[in-house]
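Colleague: See structure_10.txt below, with compact mmCIF, C-alpha atoms.
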```
# COMPACT_ATOMS: atom_id res chain seq x y z
CA MET A 1 -57.74 -13.20 -76.17
CA MET A 2 -58.51 -16.78 -75.24
CA ASP A 3 -56.14 -19.25 -73.59
CA ARG A 4 -54.04 -21.18 -76.07
CA LEU A 5 -55.22 -24.77 -76.32
CA GLY A 6 -53.15 -26.08 -79.23
CA THR A 7 -53.96 -29.17 -81.27
CA GLY A 8 -56.52 -31.62 -79.95
CA ILE A 9 -58.78 -34.51 -80.80
CA GLY A 10 -62.26 -35.54 -79.70
CA TRP A 11 -61.79 -38.24 -77.05
CA ARG A 12 -64.00 -41.26 -77.70
CA PRO A 13 -63.79 -44.60 -75.87
CA GLU A 14 -63.27 -46.47 -79.17
CA ILE A 15 -60.02 -44.62 -79.86
CA ALA A 16 -58.86 -44.03 -76.28
CA ASP A 17 -55.71 -46.17 -76.60
CA GLY A 18 -54.81 -44.61 -79.92
CA ILE A 19 -55.20 -41.10 -78.54
CA GLU A 20 -52.88 -41.90 -75.64
CA ALA A 21 -50.27 -43.05 -78.14
CA LEU A 22 -50.62 -40.04 -80.47
CA PRO A 23 -47.80 -37.52 -80.24
CA GLY A 24 -48.47 -33.81 -79.88
CA ILE A 25 -52.00 -33.95 -78.44
CA ASP A 26 -52.29 -30.82 -76.30
CA TRP A 27 -55.91 -31.29 -75.35
CA VAL A 28 -59.03 -33.38 -75.84
CA GLU A 29 -62.74 -32.77 -75.81
CA VAL A 30 -65.18 -35.21 -74.22
CA VAL A 31 -68.90 -35.44 -74.84
CA ALA A 32 -70.12 -34.13 -71.49
CA GLU A 33 -73.16 -36.41 -71.33
CA ASN A 34 -71.01 -39.51 -71.83
CA ILE A 35 -68.89 -39.17 -68.73
CA CYS A 36 -69.57 -39.48 -65.04
CA PRO A 37 -67.54 -37.04 -62.93
CA GLY A 38 -66.81 -39.55 -60.15
CA HIS A 39 -65.84 -42.35 -62.53
CA LEU A 40 -63.72 -40.89 -65.31
CA PRO A 41 -62.41 -43.51 -67.75
CA GLU A 42 -58.87 -44.54 -66.80
CA SER A 43 -57.52 -43.42 -70.14
CA LEU A 44 -58.84 -39.90 -69.54
CA GLN A 45 -57.37 -39.91 -66.06
CA ARG A 46 -53.96 -40.83 -67.48
CA LEU A 47 -54.22 -38.03 -70.06
CA ARG A 48 -55.11 -35.57 -67.34
CA ALA A 49 -52.22 -36.78 -65.18
CA ARG A 50 -49.80 -35.92 -67.94
CA GLY A 51 -51.21 -32.45 -68.34
CA THR A 52 -53.62 -32.87 -71.25
CA VAL A 53 -56.44 -30.34 -70.95
CA VAL A 54 -59.95 -31.84 -71.14
CA VAL A 55 -62.89 -29.73 -72.31
CA PRO A 56 -66.48 -30.97 -71.80
CA HIS A 57 -68.59 -30.59 -74.92
CA GLY A 58 -72.33 -30.72 -74.28
CA VAL A 59 -74.81 -31.95 -76.86
CA THR A 60 -78.20 -32.03 -75.10
CA LEU A 61 -78.76 -28.58 -73.58
CA GLY A 62 -80.60 -27.33 -76.65
CA LEU A 63 -79.80 -23.65 -76.02
CA GLY A 64 -81.61 -22.69 -79.22
CA GLY A 65 -84.85 -24.32 -78.11
CA ALA A 66 -87.95 -22.33 -77.18
CA GLU A 67 -87.83 -23.64 -73.61
CA ARG A 68 -85.39 -22.53 -70.89
CA PRO A 69 -82.34 -24.76 -70.42
CA ASP A 70 -83.09 -27.59 -68.02
CA PRO A 71 -81.51 -26.77 -64.61
CA ALA A 72 -80.51 -30.41 -64.05
CA ARG A 73 -78.71 -30.61 -67.39
CA LEU A 74 -76.99 -27.28 -66.73
CA ALA A 75 -75.89 -28.39 -63.25
CA ALA A 76 -74.52 -31.62 -64.73
CA LEU A 77 -72.48 -29.67 -67.28
CA ALA A 78 -71.15 -27.35 -64.56
CA GLU A 79 -70.22 -30.36 -62.43
CA ARG A 80 -68.24 -31.89 -65.31
CA ALA A 81 -66.39 -28.63 -65.94
CA GLU A 82 -65.31 -28.61 -62.30
CA ALA A 83 -64.43 -32.31 -62.15
CA LEU A 84 -62.23 -31.92 -65.23
CA ASP A 85 -60.81 -28.56 -64.13
CA ALA A 86 -61.70 -27.38 -67.63
CA PRO A 87 -60.82 -23.87 -68.83
CA LEU A 88 -64.17 -23.60 -70.62
CA VAL A 89 -67.20 -25.65 -71.64
CA THR A 90 -68.83 -25.78 -75.05
CA GLU A 91 -72.32 -26.39 -76.42
CA HIS A 92 -74.18 -25.80 -79.66
CA ILE A 93 -76.35 -23.20 -81.32
CA ALA A 94 -79.13 -25.68 -81.86
CA PHE A 95 -82.38 -27.06 -80.62
CA VAL A 96 -82.61 -30.74 -79.77
CA ARG A 97 -86.17 -31.20 -78.47
CA ALA A 98 -89.61 -29.69 -78.72
CA GLY A 99 -93.07 -29.98 -77.26
CA GLY A 100 -93.62 -30.67 -73.57
CA PRO A 101 -95.23 -28.56 -70.84
CA GLY A 102 -97.03 -25.46 -72.07
CA THR A 103 -97.07 -26.49 -75.72
CA GLY A 104 -99.97 -28.92 -75.75
CA LEU A 105 -97.70 -31.37 -77.55
CA ASP A 106 -95.93 -34.49 -76.38
CA PRO A 107 -92.23 -33.92 -75.76
CA VAL A 108 -90.03 -35.14 -78.59
CA GLU A 109 -86.27 -35.59 -78.59
CA ALA A 110 -84.52 -35.08 -81.93
CA GLY A 111 -81.45 -37.03 -80.82
CA HIS A 112 -79.43 -34.63 -82.93
CA LEU A 113 -78.56 -30.93 -83.32
CA LEU A 114 -81.10 -29.03 -85.40
CA PRO A 115 -80.79 -25.50 -86.76
CA VAL A 116 -82.22 -22.45 -85.03
CA PRO A 117 -84.15 -20.10 -87.33
CA ARG A 118 -81.96 -17.06 -87.87
CA THR A 119 -84.63 -14.57 -86.93
CA ARG A 120 -84.68 -11.72 -84.38
CA ASP A 121 -87.18 -13.62 -82.22
CA ALA A 122 -85.12 -16.80 -82.15
CA LEU A 123 -81.99 -14.78 -81.40
CA ASP A 124 -83.71 -13.17 -78.38
CA VAL A 125 -84.59 -16.60 -76.98
CA LEU A 126 -81.12 -17.98 -77.66
CA CYS A 127 -79.45 -14.98 -75.96
CA GLU A 128 -81.65 -15.38 -72.89
CA ASN A 129 -80.88 -19.11 -72.70
CA ILE A 130 -77.17 -18.46 -73.05
CA ARG A 131 -77.27 -15.87 -70.24
CA ILE A 132 -79.02 -18.41 -68.00
CA ALA A 133 -76.33 -20.98 -68.81
CA GLN A 134 -73.51 -18.47 -68.25
CA ASP A 135 -74.91 -17.68 -64.77
CA VAL A 136 -74.74 -21.33 -63.75
CA LEU A 137 -71.49 -22.44 -65.40
CA PRO A 138 -68.27 -21.98 -63.41
CA VAL A 139 -66.16 -21.31 -66.53
CA PRO A 140 -66.68 -19.45 -69.81
CA LEU A 141 -69.10 -20.94 -72.33
CA ALA A 142 -68.41 -21.18 -76.05
CA VAL A 143 -71.12 -22.16 -78.52
CA GLU A 144 -70.69 -23.89 -81.84
CA ASN A 145 -72.21 -23.24 -85.27
CA ILE A 146 -73.90 -26.45 -86.44
CA ALA A 147 -74.22 -28.26 -89.74
CA ALA A 148 -77.69 -28.08 -91.24
CA LEU A 149 -79.49 -30.14 -93.84
CA LEU A 150 -82.41 -27.73 -94.02
CA SER A 151 -83.22 -24.04 -93.68
CA TRP A 152 -86.07 -22.27 -91.95
CA PRO A 153 -88.34 -20.11 -94.06
CA GLY A 154 -88.24 -16.38 -93.34
CA GLU A 155 -84.71 -16.11 -92.01
CA GLU A 156 -83.65 -12.51 -91.39
CA MET A 157 -79.90 -12.80 -90.85
CA SER A 158 -76.88 -14.49 -92.36
CA GLU A 159 -74.87 -16.90 -90.22
CA GLY A 160 -72.16 -14.25 -89.77
CA GLU A 161 -74.63 -11.57 -88.68
CA PHE A 162 -76.35 -13.99 -86.31
CA LEU A 163 -73.09 -15.05 -84.65
CA ALA A 164 -71.81 -11.48 -84.37
CA GLU A 165 -75.02 -10.30 -82.75
CA LEU A 166 -75.04 -13.29 -80.39
CA VAL A 167 -71.52 -12.49 -79.18
CA GLY A 168 -72.24 -8.76 -78.91
CA ARG A 169 -75.28 -9.35 -76.74
CA THR A 170 -74.06 -12.13 -74.45
CA GLY A 171 -70.26 -12.09 -74.47
CA VAL A 172 -70.43 -15.80 -75.27
CA ARG A 173 -67.39 -17.26 -76.99
CA LEU A 174 -67.44 -19.11 -80.26
CA LEU A 175 -66.44 -22.57 -81.25
CA ILE A 176 -66.28 -22.40 -85.02
CA ASP A 177 -66.67 -25.70 -86.84
CA VAL A 178 -65.13 -25.23 -90.29
CA ALA A 179 -66.68 -28.49 -91.52
CA ASN A 180 -70.08 -27.09 -90.57
CA LEU A 181 -69.38 -23.90 -92.51
CA HIS A 182 -68.53 -26.12 -95.46
CA THR A 183 -71.71 -28.15 -94.90
CA ASN A 184 -73.84 -25.02 -94.96
CA HIS A 185 -72.02 -23.92 -98.10
CA VAL A 186 -72.97 -27.10 -99.93
CA ASN A 187 -76.44 -27.49 -98.41
CA ARG A 188 -77.63 -23.90 -98.15
CA GLY A 189 -75.36 -22.02 -100.52
CA GLU A 190 -73.86 -19.93 -97.72
CA ASP A 191 -70.31 -18.80 -98.47
CA PRO A 192 -67.99 -19.57 -95.49
CA ALA A 193 -66.13 -16.33 -96.23
CA GLU A 194 -69.25 -14.34 -95.34
CA ALA A 195 -69.42 -15.87 -91.86
CA LEU A 196 -65.65 -15.57 -91.39
CA ASP A 197 -65.65 -11.91 -92.45
CA ARG A 198 -68.26 -11.02 -89.85
CA LEU A 199 -66.98 -13.19 -87.01
CA PRO A 200 -65.96 -11.33 -83.88
CA LEU A 201 -62.50 -12.91 -83.96
CA GLU A 202 -61.65 -12.00 -80.35
CA ALA A 203 -64.48 -14.31 -79.23
CA LEU A 204 -63.00 -17.37 -80.96
CA ALA A 205 -62.31 -20.10 -78.38
CA TYR A 206 -61.29 -22.86 -80.75
CA VAL A 207 -62.04 -24.56 -84.06
CA HIS A 208 -63.52 -27.94 -84.96
CA VAL A 209 -62.43 -29.90 -88.03
CA ALA A 210 -64.27 -33.02 -89.16
CA GLY A 211 -64.92 -35.22 -92.15
CA GLY A 212 -68.14 -35.80 -93.99
CA VAL A 213 -69.48 -37.09 -97.26
CA GLU A 214 -71.47 -35.69 -100.18
CA ARG A 215 -74.43 -37.75 -101.39
CA ASP A 216 -76.67 -36.50 -104.21
CA GLY A 217 -75.49 -32.93 -103.76
CA VAL A 218 -76.15 -32.91 -100.03
CA TRP A 219 -73.27 -32.77 -97.55
CA HIS A 220 -73.64 -35.12 -94.59
CA ASP A 221 -71.49 -34.03 -91.67
CA SER A 222 -70.90 -37.65 -90.73
CA HIS A 223 -67.79 -37.39 -88.55
CA GLY A 224 -67.22 -40.85 -89.97
CA HIS A 225 -65.25 -40.00 -93.12
CA PRO A 226 -61.84 -38.46 -93.72
CA VAL A 227 -61.38 -34.70 -93.55
CA THR A 228 -61.55 -33.33 -97.10
CA GLU A 229 -59.65 -30.54 -98.85
CA PRO A 230 -62.60 -28.09 -98.96
CA VAL A 231 -62.86 -28.29 -95.16
CA LEU A 232 -59.12 -27.70 -94.75
CA ASP A 233 -59.52 -24.78 -97.14
CA VAL A 234 -62.12 -23.18 -94.86
CA LEU A 235 -59.67 -23.71 -91.98
CA ALA A 236 -57.00 -21.93 -94.03
CA GLN A 237 -59.41 -19.06 -94.71
CA LEU A 238 -60.08 -18.76 -90.99
CA CYS A 239 -56.38 -18.90 -90.09
CA ALA A 240 -55.70 -16.14 -92.64
CA ARG A 241 -57.92 -13.89 -90.51
CA THR A 242 -56.80 -14.94 -87.03
CA MET A 243 -54.68 -17.60 -85.37
CA PRO A 244 -57.20 -19.83 -83.56
CA PRO A 245 -56.30 -20.57 -79.92
CA GLY A 246 -57.01 -24.24 -80.57
CA VAL A 247 -57.97 -26.66 -83.32
CA LEU A 248 -59.64 -30.00 -82.64
CA LEU A 249 -60.27 -32.99 -84.91
CA GLU A 250 -63.58 -34.81 -84.40
CA ARG A 251 -64.14 -38.40 -85.42
CA ASP A 252 -67.23 -40.17 -84.07
CA GLU A 253 -67.89 -43.11 -86.37
CA ASN A 254 -66.16 -45.62 -88.56
CA PHE A 255 -62.90 -45.21 -86.66
CA PRO A 256 -59.78 -45.61 -88.80
CA PRO A 257 -56.39 -46.87 -87.63
CA VAL A 258 -54.77 -44.28 -85.40
CA ALA A 259 -52.12 -43.58 -88.05
CA GLU A 260 -54.87 -42.11 -90.24
CA LEU A 261 -55.97 -39.78 -87.45
CA ALA A 262 -52.32 -38.83 -86.92
CA ALA A 263 -52.07 -37.94 -90.62
CA GLU A 264 -55.23 -35.83 -90.43
CA LEU A 265 -53.88 -34.00 -87.39
CA GLU A 266 -50.65 -33.41 -89.29
CA ALA A 267 -52.63 -31.94 -92.20
CA VAL A 268 -54.44 -29.65 -89.76
CA ARG A 269 -51.13 -28.54 -88.19
CA ALA A 270 -49.74 -27.88 -91.66
CA VAL A 271 -52.64 -25.55 -92.52
CA VAL A 272 -52.34 -23.68 -89.22
CA GLY A 273 -48.54 -23.58 -89.55
CA ALA A 274 -48.69 -22.21 -93.10
CA ALA A 275 -50.89 -19.36 -91.93
CA ARG A 276 -48.48 -18.51 -89.14
CA VAL A 277 -45.60 -17.68 -91.55
CA MET B 1 -95.02 -29.77 -92.46
CA PRO B 2 -95.35 -25.99 -91.97
CA PRO B 3 -95.26 -24.02 -95.23
CA GLY B 4 -91.96 -22.68 -96.51
CA PHE B 5 -89.78 -25.72 -95.83
CA ASP B 6 -88.16 -27.66 -98.63
CA PRO B 7 -90.01 -31.02 -98.45
CA GLU B 8 -87.10 -32.93 -99.99
CA ARG B 9 -84.67 -31.58 -97.39
CA VAL B 10 -87.09 -32.32 -94.57
CA ARG B 11 -87.32 -35.88 -95.87
CA ILE B 12 -83.51 -36.16 -95.95
CA GLN B 13 -83.26 -34.72 -92.44
CA ALA B 14 -85.91 -37.11 -91.12
CA ARG B 15 -84.15 -40.08 -92.69
CA ALA B 16 -80.81 -38.94 -91.22
CA LEU B 17 -82.39 -38.64 -87.75
CA ARG B 18 -83.89 -42.12 -88.00
CA ALA B 19 -80.60 -43.61 -89.16
CA LYS B 20 -78.66 -41.93 -86.35
CA ARG B 21 -81.19 -43.11 -83.81
CA ALA B 22 -80.93 -46.66 -85.13
CA ASP B 23 -77.11 -46.41 -84.90
CA ILE B 24 -77.24 -45.31 -81.28
CA VAL B 25 -79.80 -47.94 -80.27
CA ALA B 26 -77.57 -50.54 -81.94
CA LYS B 27 -74.70 -49.26 -79.80
CA VAL B 28 -76.57 -49.50 -76.50
CA ALA B 29 -78.20 -52.80 -77.53
CA PRO B 30 -75.95 -54.59 -80.05
CA GLU B 31 -78.05 -57.73 -79.45
CA LEU B 32 -80.88 -56.21 -81.52
CA PRO B 33 -79.13 -56.19 -84.93
CA ALA B 34 -77.42 -59.44 -83.92
CA ILE B 35 -80.78 -61.17 -83.33
CA LEU B 36 -82.67 -59.58 -86.23
CA GLY B 37 -79.90 -59.28 -88.77
CA GLU B 38 -78.58 -55.86 -89.75
CA ALA B 39 -80.89 -55.23 -92.73
CA GLU B 40 -84.03 -56.40 -90.95
CA TYR B 41 -83.08 -54.39 -87.86
CA ARG B 42 -82.77 -51.23 -89.99
CA ARG B 43 -86.06 -51.89 -91.78
CA LEU B 44 -88.02 -52.61 -88.61
CA PHE B 45 -86.42 -49.72 -86.75
CA ALA B 46 -87.35 -47.25 -89.48
CA ALA B 47 -90.97 -48.45 -89.33
CA TYR B 48 -90.97 -48.20 -85.51
CA ALA B 49 -89.37 -44.72 -85.50
CA LEU B 50 -91.97 -43.35 -87.93
CA GLN B 51 -94.67 -44.07 -85.35
CA HIS B 52 -92.70 -43.52 -82.16
CA PRO B 53 -90.76 -40.27 -81.73
CA LEU B 54 -87.82 -40.45 -79.34
CA ARG B 55 -89.13 -39.51 -75.91
CA ALA B 56 -86.59 -40.61 -73.35
CA ASN B 57 -83.22 -42.30 -73.37
CA TYR B 58 -81.89 -44.82 -75.85
CA ARG B 59 -82.07 -47.81 -73.48
CA TRP B 60 -85.83 -47.36 -73.20
CA ASP B 61 -85.96 -46.77 -76.94
CA ALA B 62 -84.29 -50.14 -77.47
CA LEU B 63 -86.84 -51.84 -75.22
CA ASP B 64 -89.79 -50.06 -76.86
CA PHE B 65 -88.47 -50.99 -80.27
CA ALA B 66 -88.17 -54.64 -79.24
CA ALA B 67 -91.77 -54.61 -78.00
CA HIS B 68 -92.87 -53.04 -81.28
CA ALA B 69 -90.94 -55.58 -83.35
CA LEU B 70 -92.46 -58.44 -81.34
CA ALA B 71 -95.98 -57.08 -81.77
CA HIS B 72 -95.85 -55.89 -85.37
CA GLY B 73 -92.65 -57.20 -86.95
CA GLY B 74 -94.09 -60.47 -88.28
CA LEU B 75 -90.94 -62.16 -87.04
CA PRO B 76 -90.29 -65.85 -87.52
CA ARG B 77 -90.16 -67.93 -84.35
CA ALA B 78 -86.39 -68.25 -84.57
CA ARG B 79 -86.08 -64.49 -84.11
CA ARG B 80 -89.04 -63.89 -81.82
CA ARG B 81 -87.74 -66.16 -79.09
CA PRO B 82 -84.29 -64.64 -78.63
CA LEU B 83 -85.77 -61.14 -78.94
CA LYS B 84 -88.34 -61.90 -76.25
CA ARG B 85 -85.65 -63.38 -74.04
CA TRP B 86 -83.44 -60.34 -74.53
CA ARG B 87 -86.27 -57.99 -73.65
CA SER B 88 -87.30 -59.77 -70.45
CA HIS B 89 -83.66 -59.97 -69.45
CA ARG B 90 -83.25 -56.21 -69.94
CA LEU B 91 -86.52 -55.49 -68.15
CA GLY B 92 -85.46 -57.76 -65.29
CA PRO B 93 -84.21 -56.82 -61.85
CA SER B 94 -80.76 -55.67 -63.00
CA PRO B 95 -80.26 -51.89 -63.05
CA ARG B 96 -80.86 -50.27 -66.42
```
Could you write out this structure as structure tokens?
Modeller:
Amino acid sequence: MMDRLGTGIGWRPEIADGIEALPGIDWVEVVAENICPGHLPESLQRLRARGTVVVPHGVTLGLGGAERPDPARLAALAERAEALDAPLVTEHIAFVRAGGPGTGLDPVEAGHLLPVPRTRDALDVLCENIRIAQDVLPVPLAVENIAALLSWPGEEMSEGEFLAELVGRTGVRLLIDVANLHTNHVNRGEDPAEALDRLPLEALAYVHVAGGVERDGVWHDSHGHPVTEPVLDVLAQLCARTMPPGVLLERDENFPPVAELAAELEAVRAVVGAARV
Amino acid sequence: MPPGFDPERVRIQARALRAKRADIVAKVAPELPAILGEAEYRRLFAAYALQHPLRANYRWDALDFAAHALAHGGLPRARRRPLKRWRSHRLGPSPR
């Protein structure tokens, strides 16, 4: 069983003051690459001083890439975990770059999280990369399911099977993003219940909730729109199976007044609370 | 594109990546949309991004984009001059 985290929100500089003023924030997540361990923003320091847990959330390791994780990036993530005294660090099941040495191609950065093909071969590479990361990181690692706009041809496993196998082989923990399960439902026709049914629930570290928008039948996981009912419904489905140790709201764009974020957090608490009874 | 991918989805993904990249460059260099105007910035950035994959960090991307816009953007003088000034300032001795 994982440590209880409670209700949290993604800390972003644009909403730092608002987050400090929000009641009932047990913890925050910071984008690991956006902070410097020796010069933490004052707002984060104040949150830490009053006991708010801070979890570094990496976005550039690219654990699902064909190449080994970059030692410098891994060391930087480890350093942030220590500087923040974090109980765990999180990253993504994704690739973020390609090409470079050994490929005969120029290196290219995607600047975004892209889906790993759910094949046996890709799973082998991902497991090996996760083991390398686990060896370097001073705290447990949890990895997140991402939102995808496209699918790879020739996939051999469902999302649930892939995640279960990943946990079984590496002992890695899971950060389940219910908005991303919803995204993959709309964009790839994958029923969230399938992934939830197969999830190794004891590996669940925490849950992400975020807003997005549907355009022309495609769900864009924008993190810049309000959280919608279908996403809260996936959260309810998850909570019906297990009580997540933590739930965190992500908002990265188009920041609303803090009262709106407070209302979204309240809606999240209501879903989790309803499942508890 | 390798066979088996849905071309429409790949197009949507590519457009989303370009838009996100333009958003981030506008965050690290808000002067660029300010000088060019938001719509023109988006249009020129999309053209630049099609030919120049992201290779390093976004500050260099902003500088490379500015160079591209100066060379190929067909910008009127009133926009060229402040863009040029911005670029030499950013390339100058201050740490980047």
Colleague: Counting all atoms listed in the file, which residues of chain B fall within 9 Å of chain A, and what is the closest atom pair for each with its distance in Å at one decimal, ordered by chain and rising number, as a Markdown table?
Modeller:
```
| residue | atom | partner | partner_atom | distance |
| --- | --- | --- | --- | --- |
| B:Pro3 | CA | A:Pro153 | CA | 8.0 |
| B:Gly4 | CA | A:Pro153 | CA | 5.1 |
| B:Phe5 | CA | A:Pro153 | CA | 6.1 |
| B:Asp6 | CA | A:Leu150 | CA | 7.4 |
| B:Arg9 | CA | A:Leu150 | CA | 5.6 |
| B:Val10 | CA | A:Leu150 | CA | 6.6 |
| B:Ile12 | CA | A:Leu149 | CA | 7.5 |
| B:Gln13 | CA | A:Leu149 | CA | 6.1 |
| B:Ala16 | CA | A:His220 | CA | 8.8 |
| B:Leu17 | CA | A:His112 | CA | 6.9 |
| B:Lys20 | CA | A:Gly111 | CA | 7.9 |
| B:Arg21 | CA | A:Gly111 | CA | 6.8 |
| B:Pro53 | CA | A:Val108 | CA | 6.1 |
| B:Leu54 | CA | A:Glu109 | CA | 5.2 |
| B:Arg55 | CA | A:Val108 | CA | 5.2 |
| B:Ala56 | CA | A:Glu109 | CA | 7.3 |
```
Colleague: Using CA of Pro2 in chain B and CA of Gly65 in chain A as the two end points, give the distance in Å to one decimal.
Modeller: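 One can read the CA of Pro2 in chain B to CA of Gly65 in chain A distance as 17.5 Å.
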Colleague: Which neighbours of range 130-147 of chain A fall inside 6 Å, counting all atoms listed in the file, when residues of the same chain fewer than 4 positions from it are skipped, and could you give them as a VMD selection string?
Modeller: chain A and resid 78 88 to 93 172 to 176 180 183
Colleague: What's around Glu250 in chain A at 7 Å? Count all atoms listed in the file, leave out sequence neighbours fewer than 2 positions away in its own chain, and write the answer as number ranges by chain.
Modeller: A: 9-10, 208-210, 223, 248, 252
Colleague: Nearest to Trp86 in chain B: which of B:Pro33, B:His52, B:Glu38, B:Ala66 is it, counting only C-alpha atoms?
Modeller: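 Once distances to Trp86 in chain B are computed over only C-alpha atoms, the minimum belongs to B:Ala66.
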Colleague: How many Å lie between CA of Glu33 in chain A and CA of Val59 in chain A, rounded to one decimal?
Modeller: 7.3 Å
Colleague: At a cut-off of 12 Å from (-71.5, -24.3, -99.8) in the coordinates of the file, what residues are picked up using all atoms listed in the file, written as a PDB file with C-alpha atoms, in the frame of the given file?
Modeller:
```pdb
ATOM      1  CA  ALA A 147     -74.220 -28.260 -89.740  1.00  0.00           C
ATOM      2  CA  ALA A 148     -77.690 -28.080 -91.240  1.00  0.00           C
ATOM      3  CA  LEU A 149     -79.490 -30.140 -93.840  1.00  0.00           C
ATOM      4  CA  VAL A 178     -65.130 -25.230 -90.290  1.00  0.00           C
ATOM      5  CA  ALA A 179     -66.680 -28.490 -91.520  1.00  0.00           C
ATOM      6  CA  ASN A 180     -70.080 -27.090 -90.570  1.00  0.00           C
ATOM      7  CA  LEU A 181     -69.380 -23.900 -92.510  1.00  0.00           C
ATOM      8  CA  HIS A 182     -68.530 -26.120 -95.460  1.00  0.00           C
ATOM      9  CA  THR A 183     -71.710 -28.150 -94.900  1.00  0.00           C
ATOM     10  CA  ASN A 184     -73.840 -25.020 -94.960  1.00  0.00           C
ATOM     11  CA  HIS A 185     -72.020 -23.920 -98.100  1.00  0.00           C
ATOM     12  CA  VAL A 186     -72.970 -27.100 -99.930  1.00  0.00           C
ATOM     13  CA  ASN A 187     -76.440 -27.490 -98.410  1.00  0.00           C
ATOM     14  CA  ARG A 188     -77.630 -23.900 -98.150  1.00  0.00           C
ATOM     15  CA  GLY A 189     -75.360 -22.020-100.520  1.00  0.00           C
ATOM     16  CA  GLU A 190     -73.860 -19.930 -97.720  1.00  0.00           C
ATOM     17  CA  ASP A 191     -70.310 -18.800 -98.470  1.00  0.00           C
ATOM     18  CA  PRO A 192     -67.990 -19.570 -95.490  1.00  0.00           C
ATOM     19  CA  ALA A 193     -66.130 -16.330 -96.230  1.00  0.00           C
ATOM     20  CA  GLU A 194     -69.250 -14.340 -95.340  1.00  0.00           C
ATOM     21  CA  ALA A 195     -69.420 -15.870 -91.860  1.00  0.00           C
ATOM     22  CA  GLU A 214     -71.470 -35.690-100.180  1.00  0.00           C
ATOM     23  CA  GLY A 217     -75.490 -32.930-103.760  1.00  0.00           C
ATOM     24  CA  VAL A 218     -76.150 -32.910-100.030  1.00  0.00           C
ATOM     25  CA  TRP A 219     -73.270 -32.770 -97.550  1.00  0.00           C
ATOM     26  CA  PRO A 230     -62.600 -28.090 -98.960  1.00  0.00           C
ATOM     27  CA  VAL A 231     -62.860 -28.290 -95.160  1.00  0.00           C
ATOM     28  CA  VAL A 234     -62.120 -23.180 -94.860  1.00  0.00           C
TER      29      VAL A 234
END
```
Colleague: Would you pick out the contacts of Leu63 in chain B at 8 Å or less, using all atoms listed in the file, so that residues sharing its chain but fewer than 5 positions from it are not included, and give the list as a list of chain:residue names?
Modeller: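 Here the qualifying residues turn out to be B:Arg87, B:Arg90, B:Leu91.
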Colleague: Take CA of Cys36 in chain A and CA of Pro244 in chain A and report the distance between them in Å, one decimal.
Modeller: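 Here the two named atoms are 29.7 Å from each other.
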Colleague: Which residues come within 12 Å of Ala34 in chain B, counting all atoms listed in the file, excluding same-chain residues fewer than 5 positions away, as an NGL selection string?
Modeller: :B and (26-27 or 29 or 39-42 or 79 or 82-83 or 86)
Colleague: Dump C-alpha atoms for the selected residues as a PDB file, keeping the file's coordinate frame?
Modeller:
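Result file follows (selection27.pdb):
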```pdb
ATOM      1  CA  ALA B  26     -77.570 -50.540 -81.940  1.00  0.00           C
ATOM      2  CA  LYS B  27     -74.700 -49.260 -79.800  1.00  0.00           C
ATOM      3  CA  ALA B  29     -78.200 -52.800 -77.530  1.00  0.00           C
ATOM      4  CA  ALA B  39     -80.890 -55.230 -92.730  1.00  0.00           C
ATOM      5  CA  GLU B  40     -84.030 -56.400 -90.950  1.00  0.00           C
ATOM      6  CA  TYR B  41     -83.080 -54.390 -87.860  1.00  0.00           C
ATOM      7  CA  ARG B  42     -82.770 -51.230 -89.990  1.00  0.00           C
ATOM      8  CA  ARG B  79     -86.080 -64.490 -84.110  1.00  0.00           C
ATOM      9  CA  PRO B  82     -84.290 -64.640 -78.630  1.00  0.00           C
ATOM     10  CA  LEU B  83     -85.770 -61.140 -78.940  1.00  0.00           C
ATOM     11  CA  TRP B  86     -83.440 -60.340 -74.530  1.00  0.00           C
TER      12      TRP B  86
END
```
Colleague: List the neighbours of Leu77 in chain A out to 8 Å using all atoms listed in the file; skip same-chain residues closer than 2 positions along the sequence, and give me the result as JSON, numbers by chain.
Modeller: {"A": [32, 33, 56, 58, 73, 74, 75, 79, 80, 81, 89, 137]}
Colleague: Give me range 3-9 of chain A with N, CA and C atoms filled in, as a short mmCIF file (atom, residue, chain, number, x, y, z; two decimals), in the coordinates of the input.
Modeller:
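The resulting file, out.cif, is reproduced below:
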```cif
data_model
loop_
_atom_site.label_atom_id
_atom_site.label_comp_id
_atom_site.auth_asym_id
_atom_site.auth_seq_id
_atom_site.Cartn_x
_atom_site.Cartn_y
_atom_site.Cartn_z
N ASP A 3 -57.29 -18.39 -73.91
CA ASP A 3 -56.14 -19.25 -73.59
C ASP A 3 -55.77 -20.08 -74.80
N ARG A 4 -54.48 -20.32 -74.98
CA ARG A 4 -54.04 -21.18 -76.07
C ARG A 4 -54.30 -22.64 -75.69
N LEU A 5 -54.94 -23.36 -76.56
CA LEU A 5 -55.22 -24.77 -76.32
C LEU A 5 -54.28 -25.65 -77.13
N GLY A 6 -54.01 -25.27 -78.37
CA GLY A 6 -53.15 -26.08 -79.23
C GLY A 6 -53.95 -27.06 -80.08
N THR A 7 -53.32 -28.18 -80.39
CA THR A 7 -53.96 -29.17 -81.27
C THR A 7 -54.59 -30.27 -80.42
N GLY A 8 -55.83 -30.61 -80.74
CA GLY A 8 -56.52 -31.62 -79.95
C GLY A 8 -57.35 -32.56 -80.80
N ILE A 9 -57.92 -33.53 -80.11
CA ILE A 9 -58.78 -34.51 -80.80
C ILE A 9 -59.95 -34.84 -79.87
#
```
